[in-house]
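J.: Dropping in input.txt, which is compact mmCIF, C-alpha atoms:
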```
# COMPACT_ATOMS: atom_id res chain seq x y z
CA MET A 16 -32.25 -37.46 -1.39
CA PRO A 17 -35.12 -39.65 -0.13
CA LEU A 18 -36.18 -39.14 3.48
CA VAL A 19 -36.37 -42.24 5.69
CA LEU A 20 -38.13 -42.21 9.07
CA ILE A 21 -36.65 -44.69 11.57
CA ILE A 22 -39.12 -45.72 14.29
CA ASP A 23 -37.28 -47.62 17.00
CA GLU A 24 -36.22 -47.29 20.63
CA THR A 25 -32.78 -48.88 20.50
CA GLN A 26 -30.49 -45.84 20.24
CA PRO A 27 -27.25 -47.67 19.23
CA VAL A 28 -29.10 -49.52 16.46
CA VAL A 29 -30.77 -46.33 15.29
CA ARG A 30 -27.47 -44.47 15.15
CA LEU A 31 -25.88 -47.31 13.15
CA ILE A 32 -28.74 -47.16 10.64
CA GLU A 33 -28.51 -43.35 10.44
CA LEU A 34 -24.80 -43.53 9.70
CA GLU A 35 -25.10 -46.21 7.04
CA LEU A 36 -28.06 -44.61 5.26
CA GLY A 37 -26.31 -41.25 5.38
CA PHE A 38 -23.27 -42.83 3.73
CA GLN A 39 -25.55 -44.18 1.00
CA GLY A 40 -27.18 -40.84 0.25
CA PHE A 41 -30.40 -40.94 2.29
CA ARG A 42 -31.71 -38.35 4.72
CA THR A 43 -32.97 -39.76 8.02
CA VAL A 44 -35.22 -38.70 10.88
CA THR A 45 -35.65 -40.75 14.05
CA ASP A 46 -38.72 -41.27 16.22
CA LEU A 47 -37.84 -42.98 19.50
CA ILE A 48 -41.55 -43.38 20.31
CA SER A 49 -42.00 -40.14 22.21
CA GLY A 50 -45.49 -39.71 20.80
CA ASP A 51 -47.66 -41.12 18.05
CA PRO A 52 -45.37 -42.45 15.28
CA VAL A 53 -48.20 -42.52 12.75
CA LYS A 54 -48.83 -38.83 13.35
CA THR A 55 -45.11 -38.22 12.89
CA VAL A 56 -45.30 -39.96 9.51
CA GLU A 57 -48.25 -37.77 8.50
CA GLU A 58 -46.35 -34.62 9.49
CA LEU A 59 -42.99 -35.51 7.90
CA GLN A 60 -44.25 -37.31 4.78
CA PRO A 61 -41.11 -39.47 4.45
CA ASP A 62 -40.38 -41.58 1.39
CA ALA A 63 -40.00 -44.75 3.47
CA VAL A 64 -40.30 -45.98 7.06
CA MET A 65 -38.19 -48.43 9.06
CA LEU A 66 -40.17 -49.89 11.95
CA GLY A 67 -38.46 -51.70 14.82
CA ALA A 68 -40.15 -54.71 16.38
CA LEU A 69 -38.78 -54.11 19.87
CA LEU A 70 -41.11 -51.26 20.74
CA PRO A 71 -43.20 -50.48 23.83
CA THR A 72 -46.95 -50.10 23.70
CA PRO A 73 -48.89 -49.45 21.54
CA ASP A 74 -48.28 -52.82 19.99
CA VAL A 75 -45.87 -52.64 17.07
CA PHE A 76 -48.28 -54.52 14.81
CA GLU A 77 -50.96 -51.94 15.58
CA ILE A 78 -48.52 -49.26 14.45
CA LEU A 79 -47.74 -51.25 11.31
CA THR A 80 -51.43 -51.68 10.48
CA ARG A 81 -52.15 -47.97 10.94
CA LEU A 82 -49.10 -47.07 8.85
CA LYS A 83 -50.18 -49.23 5.94
CA HIS A 84 -53.65 -47.67 6.03
CA ASN A 85 -52.33 -44.11 6.00
CA PHE A 86 -48.90 -44.17 4.42
CA PRO A 87 -48.37 -45.02 0.71
CA GLY A 88 -44.62 -45.55 0.90
CA PRO A 89 -42.71 -48.73 1.74
CA VAL A 90 -42.32 -49.94 5.33
CA ILE A 91 -39.37 -52.13 6.30
CA PHE A 92 -39.99 -54.14 9.45
CA LEU A 93 -36.91 -54.81 11.64
CA CYS A 94 -37.97 -57.99 13.41
CA ALA A 95 -36.49 -59.46 16.57
CA SER A 96 -33.85 -62.15 16.26
CA GLY A 97 -35.10 -65.70 16.68
CA ASN A 98 -38.79 -64.78 16.50
CA GLU A 99 -39.88 -66.39 13.25
CA ASN A 100 -43.54 -65.54 13.79
CA ASP A 101 -42.95 -61.79 13.76
CA ASP A 102 -41.71 -61.67 10.19
CA ALA A 103 -44.67 -63.71 8.89
CA ILE A 104 -47.17 -61.55 10.80
CA ALA A 105 -45.50 -58.35 9.60
CA LEU A 106 -45.69 -59.47 5.97
CA GLU A 107 -49.35 -60.45 6.39
CA MET A 108 -50.07 -56.99 7.78
CA GLY A 109 -48.53 -55.28 4.80
CA ALA A 110 -44.84 -54.78 5.54
CA ASP A 111 -42.99 -54.36 2.27
CA ASP A 112 -39.87 -56.09 3.56
CA VAL A 113 -38.63 -57.77 6.73
CA ARG A 114 -35.05 -57.61 7.98
CA PRO A 115 -34.19 -59.90 10.92
CA ARG A 116 -31.81 -58.72 13.62
CA PRO A 117 -28.86 -58.73 13.58
CA PHE A 118 -28.86 -57.24 10.09
CA LYS A 119 -26.16 -55.74 7.93
CA PRO A 120 -26.77 -51.98 7.91
CA GLU A 121 -25.49 -51.66 4.35
CA ASP A 122 -28.23 -54.09 3.20
CA LEU A 123 -30.92 -51.67 4.38
CA GLY A 124 -29.86 -49.08 1.81
CA LEU A 125 -29.92 -51.69 -0.93
CA ARG A 126 -33.44 -52.76 0.03
CA LEU A 127 -34.62 -49.14 0.19
CA ARG A 128 -33.28 -48.36 -3.26
CA ALA A 129 -35.07 -51.41 -4.62
CA LEU A 130 -38.37 -50.57 -2.90
CA LEU A 131 -38.25 -46.91 -3.89
CA ASN A 132 -37.06 -47.78 -7.39
CA VAL A 133 -34.41 -45.09 -7.24
CA ASP A 134 -30.68 -44.99 -7.68
CA VAL A 135 -29.95 -42.75 -4.72
CA MET A 136 -26.25 -42.58 -5.24
CA GLU A 137 -24.18 -43.26 -8.29
CA SER A 138 -20.75 -44.75 -7.82
CA ILE A 139 -19.24 -41.54 -6.51
CA GLN A 140 -15.49 -41.78 -6.20
CA ILE A 141 -13.36 -39.33 -4.25
CA HIS A 142 -9.66 -39.15 -5.03
CA ARG A 143 -7.61 -37.72 -2.17
CA ALA A 144 -4.34 -38.44 -0.39
CA GLY A 145 -3.49 -41.21 -2.84
CA LEU A 146 -6.78 -42.98 -2.08
CA ARG A 147 -9.71 -43.83 -4.31
CA ILE A 148 -12.79 -43.78 -2.09
CA ASP A 149 -15.82 -45.51 -3.60
CA HIS A 150 -18.80 -43.94 -1.82
CA LEU A 151 -21.41 -46.36 -3.20
CA HIS A 152 -19.67 -49.65 -2.48
CA ARG A 153 -18.08 -48.36 0.74
CA VAL A 154 -14.63 -49.49 -0.18
CA VAL A 155 -11.27 -47.74 -0.46
CA TRP A 156 -8.46 -48.42 -2.87
CA LYS A 157 -4.88 -47.54 -2.01
CA GLU A 158 -3.11 -47.94 -5.31
CA GLU A 159 -4.12 -51.49 -6.27
CA ARG A 160 -4.94 -52.66 -2.75
CA LYS A 161 -8.59 -52.88 -1.74
CA VAL A 162 -9.23 -51.78 1.84
CA VAL A 163 -12.51 -52.69 3.53
CA LEU A 164 -13.20 -50.54 6.60
CA GLY A 165 -15.43 -50.92 9.63
CA THR A 166 -18.30 -48.50 10.21
CA ASN A 167 -16.40 -46.11 12.51
CA GLU A 168 -13.27 -46.02 10.35
CA TRP A 169 -15.35 -45.49 7.22
CA GLY A 170 -17.31 -42.66 8.84
CA ILE A 171 -14.11 -40.86 9.81
CA LEU A 172 -12.52 -41.27 6.38
CA LEU A 173 -15.65 -40.10 4.56
CA ALA A 174 -16.04 -37.05 6.83
CA LEU A 175 -12.41 -36.07 6.20
CA ALA A 176 -12.67 -36.72 2.46
CA GLN A 177 -15.75 -34.51 2.15
CA SER A 178 -14.24 -31.61 4.12
CA ARG A 179 -11.74 -29.11 2.78
CA GLN A 180 -11.13 -27.79 6.30
CA PRO A 181 -9.43 -29.61 9.19
CA LEU A 182 -11.91 -31.29 11.54
CA GLY A 183 -11.16 -31.07 15.25
CA GLY A 184 -12.09 -33.86 17.62
CA VAL A 185 -15.51 -32.35 18.42
CA ASP A 186 -16.45 -31.64 14.80
CA LEU A 187 -15.24 -35.03 13.62
CA SER A 188 -17.10 -36.89 16.37
CA LYS A 189 -20.33 -35.03 15.54
CA ALA A 190 -19.95 -35.87 11.86
CA VAL A 191 -19.45 -39.56 12.59
CA TRP A 192 -21.41 -40.31 15.77
CA GLY A 193 -23.89 -37.45 16.05
CA SER A 194 -24.32 -34.45 18.33
CA ASN A 195 -24.99 -36.60 21.43
CA PHE A 196 -21.57 -38.27 21.29
CA SER A 197 -19.69 -37.80 24.56
CA GLY A 198 -16.65 -40.03 24.10
CA GLY A 199 -14.12 -37.21 23.93
CA ASN A 200 -10.93 -36.74 21.93
CA GLN A 201 -9.38 -39.99 23.18
CA VAL A 202 -12.06 -42.03 21.45
CA VAL A 203 -11.60 -40.04 18.23
CA GLU A 204 -7.82 -40.54 18.43
CA PHE A 205 -8.30 -44.28 18.94
CA TRP A 206 -10.42 -44.67 15.80
CA VAL A 207 -8.18 -42.42 13.74
CA THR A 208 -5.26 -44.65 14.75
CA ARG A 209 -7.25 -47.71 13.71
CA LEU A 210 -8.03 -46.07 10.39
CA ARG A 211 -4.39 -45.17 9.81
CA ALA A 212 -3.40 -48.77 10.52
CA ASP A 213 -6.03 -50.11 8.10
CA LEU A 214 -4.75 -47.77 5.39
CA GLY A 215 -1.14 -48.71 6.03
CA ASP A 216 -0.31 -45.16 7.08
CA ASP A 217 2.82 -44.53 9.12
CA LEU A 218 1.63 -44.20 12.72
CA GLU A 219 4.71 -42.25 13.79
CA GLU A 220 4.85 -39.90 10.80
CA PRO A 221 1.46 -40.15 9.04
CA GLN A 222 1.37 -39.36 5.34
CA ILE A 223 -2.37 -39.83 4.68
CA ILE A 224 -4.28 -38.53 7.71
CA LEU A 225 -2.53 -35.50 9.17
CA GLY A 226 -3.12 -33.41 12.27
CA ASP A 227 -4.56 -34.25 15.68
CA ALA A 228 -7.86 -34.05 17.55
CA ASN A 229 -7.11 -30.62 19.04
CA LYS A 230 -5.88 -28.80 15.92
CA GLY A 231 -7.95 -30.82 13.49
CA TYR A 232 -7.49 -33.85 11.26
CA TYR A 233 -7.31 -33.58 7.48
CA LEU A 234 -6.32 -35.64 4.47
CA ALA A 235 -3.05 -34.91 2.73
CA ASP A 236 -3.36 -33.37 -0.72
```
Will you turn the file into structure tokens for me?
T.:
Amino acid sequence: MPLVLIIDETQPVVRLIELELGFQGFRTVTDLISGDPVKTVEELQPDAVMLGALLPTPDVFEILTRLKHNFPGPVIFLCASGNENDDAIALEMGADDVRPRPFKPEDLGLRLRALLNVDVMESIQIHRAGLRIDHLHRVVWKEERKVVLGTNEWGILLALAQSRQPLGGVDLSKAVWGSNFSGGNQVVEFWVTRLRADLGDDLEEPQIILGDANKGYYLAD
């Protein structure tokens, strides 16, 4: 599993990238610019770096220049929306790819696989609760019906599909949103309800996603 270092200061964006890359089979580490990001790269030796343009000093292009002098792997530059000069400058300074904001998180994994020349994840399919869950293409089939899920719903379904034990509200929220999530069981219940609706599950007597946030959610056999 290739390791990707995400250098950015926008926590919601970083978490979205972490989730999507995790779904696609990458490992991630985040540097929110607490120190010297180039030193962090030297210490971690990641396979690739994602560098956000909206960073405080030192100048992001200085970081990019130092990275390209010291790091042999690919660097994807996440440029600011509407700033056409940034992408051109980043490419001139050696960025291997530029992704303008707002970007589709799933596209980042595709670009990484191309730059690293690896097939990180084959089309892994999980069959549970009458569902066919296509891990690679991030799509679910219920019988012959294709179901496309949002990021939160997909994260919940994948966490449940990969666990053979019920996941309580705390465990499920950590799996989907990380250890810093503080939304509580009500938020988990809201997204589980959304997921049930998307899957066509009976909201009064669910047949696909069973349980509750206190005792634990699980997929029916």
J.: Contacts of Lys230 in chain A at 12 Å or less, counting all atoms listed in the file, minus same-chain residues fewer than 6 places along, as an NGL selection string?
T.: :A and (180-187 or 200)
J.: Name the residues in contact with range 115-122 of chain A at a cut-off of 8 Å, using all atoms listed in the file, excluding same-chain residues fewer than 3 positions from it; report them as a compact mmCIF listing (two decimals) with C-alpha atoms, in the coordinates of the input.
T.:
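Contents of result.txt, as written:
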```
# COMPACT_ATOMS: atom_id res chain seq x y z
CA LEU A 31 -25.88 -47.31 13.15
CA ILE A 32 -28.74 -47.16 10.64
CA GLU A 35 -25.10 -46.21 7.04
CA LEU A 36 -28.06 -44.61 5.26
CA LEU A 93 -36.91 -54.81 11.64
CA CYS A 94 -37.97 -57.99 13.41
CA ALA A 95 -36.49 -59.46 16.57
CA SER A 96 -33.85 -62.15 16.26
CA ASP A 102 -41.71 -61.67 10.19
CA LEU A 125 -29.92 -51.69 -0.93
CA ARG A 126 -33.44 -52.76 0.03
```
J.: Record the distance separating CA of Ala174 in chain A and CA of Leu47 in chain A, expressed in Å with one decimal.
T.: 25.9 Å
J.: Between A:Val133, A:Val90, A:Gln26, A:Lys83, single out the one closest to Phe41 in chain A, counting all atoms listed in the file.
T.: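 Among the listed residues, the smallest separation from Phe41 in chain A belongs to A:Val133.
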J.: Using all atoms listed in the file, what does the table of range 189-227 of chain A residues within 10 Å of range 140-146 of chain A look like, with each row giving the shortest atom pair and its distance in Å to one decimal, sorted by chain and ascending number, as JSON lines?
T.:
```
{"residue": "A:Leu214", "atom": "CA", "partner": "A:Leu146", "partner_atom": "CA", "distance": 9.1}
{"residue": "A:Gln222", "atom": "CA", "partner": "A:Ala144", "partner_atom": "CA", "distance": 8.1}
{"residue": "A:Ile223", "atom": "CA", "partner": "A:Ala144", "partner_atom": "CA", "distance": 5.6}
{"residue": "A:Ile224", "atom": "CA", "partner": "A:Ala144", "partner_atom": "CA", "distance": 8.1}
```
J.: Next, write the just-selected residues to a file, as a PDB file, in the frame of the given file, keeping C-alpha atoms as the atom set.
T.:
```pdb
ATOM      1  CA  LEU A 214      -4.750 -47.770   5.390  1.00  0.00           C
ATOM      2  CA  GLN A 222       1.370 -39.360   5.340  1.00  0.00           C
ATOM      3  CA  ILE A 223      -2.370 -39.830   4.680  1.00  0.00           C
ATOM      4  CA  ILE A 224      -4.280 -38.530   7.710  1.00  0.00           C
TER       5      ILE A 224
END
```
J.: Using Å and a single decimal, report how far CA of Asp213 in chain A sits from CA of Val163 in chain A.
T.: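 The value is 8.3 Å.
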J.: For CA of Ala63 in chain A and CA of Pro89 in chain A, determine how far apart the two atoms are, in Å to one decimal place.
T.: 5.1 Å
J.: May I ask which of the residues A:Leu173, A:Met108, A:Leu66, A:Leu20 is the closest one to Ile91 in chain A, counting all atoms listed in the file?
T.: A:Leu66
J.: Rank nothing, just name the residue among A:Val64, A:Leu164, A:Val113, A:Val44 nearest to Asn100 in chain A, using only C-alpha atoms.
T.: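 Distance minimum relative to Asn100 in chain A lands on A:Val113.
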J.: Excluding same-chain residues fewer than 4 positions from range 208-211 of chain A, what lies within 9 Å of it counting all atoms listed in the file, as an MDAnalysis selection string?
T.: chainID A and resid 164:165 167:169 171:172 203:204 215:218 221 223:224
J.: From the options A:Thr55, A:Glu77, A:Thr166, A:Arg179, which residue's atoms come nearest to Trp192 in chain A, counting all atoms listed in the file?
T.: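 Between A:Thr55, A:Glu77, A:Thr166, A:Arg179, the residue approaching Trp192 in chain A most closely is A:Thr166.
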J.: A:Gln201, A:Thr25, A:Gln39, A:Thr80: which is nearest Leu123 in chain A, counting only C-alpha atoms?
T.: A:Gln39
J.: Any chance you could work out the axis-aligned box around range 52-65 of chain A, listed atoms only, 4 Å on each side, giving centre and edge lengths in Å to one decimal, as AutoDock Vina command-line options?
T.:
```
--center_x -43.5 --center_y -41.5 --center_z 8.3 --size_x 18.6 --size_y 21.8 --size_z 21.9
```
